[in-house]
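K.L.:
Sending over a structure as structure tokens; questions will come in a sec.
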Amino acid sequence: MLKTLRHTKKLKSALAAMLLAGFALALLMSASPELHRLLHHDANDDAHECLVTTLNHDGCDSDVPAPLLTKVHDIVFFSAVPVLHSQWVEPLFLMNCVLEHAPPVTG
């Protein structure tokens with residue numbers, strides 16, 4: 001059991017290191033267009049999209065426009081909603097005395 005925990009911790013650390021290295025490479029490629037062209041053959045194409053082009057064109061920070069509604073399906077008329085009356089309900093944690101006892105002592 002202890003060996004598998006060490007193995008999963010090492011695996012998680014290796015995965016985090018690989019992700020950081022990949023993002024660092026993307027930052028390097030966004031700073032150096034020559035490196036980007038070296039790794040992507042179509043880097044000069046206008047239709048080319050990758051993380052480097054997203055970082056270069058502030059794609060991560062731009063606002064996404066709200067979707068436009070084309071059709072309204074169900075319209076709820078407020079006159080059809082029944083009138084609701086409020087009623088006092090005692091809180092459940094006060095009725096069951098949940099807060100009166102301390103946690104159990106272990107040890």
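In the structure tokens, each chain is lettered A, B, ... as it comes, each chain's residues begin at 1, and ligands are numbered from 1 in order of appearance.
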Name the residues in contact with stretch 17-26 of chain A at a cut-off of 9 Å, using only C-alpha atoms, excluding same-chain residues fewer than 4 positions from it; report them as JSON, numbers by chain.
P.N.:
{"A": [12, 13, 30, 31, 36, 51, 52, 55]}
K.L.:
Applying 12 Å and only C-alpha atoms, which residues near A:Asn44 remain after dropping the ones on its own chain fewer than 6 positions away? List them as a count of residues only.
P.N.:
7
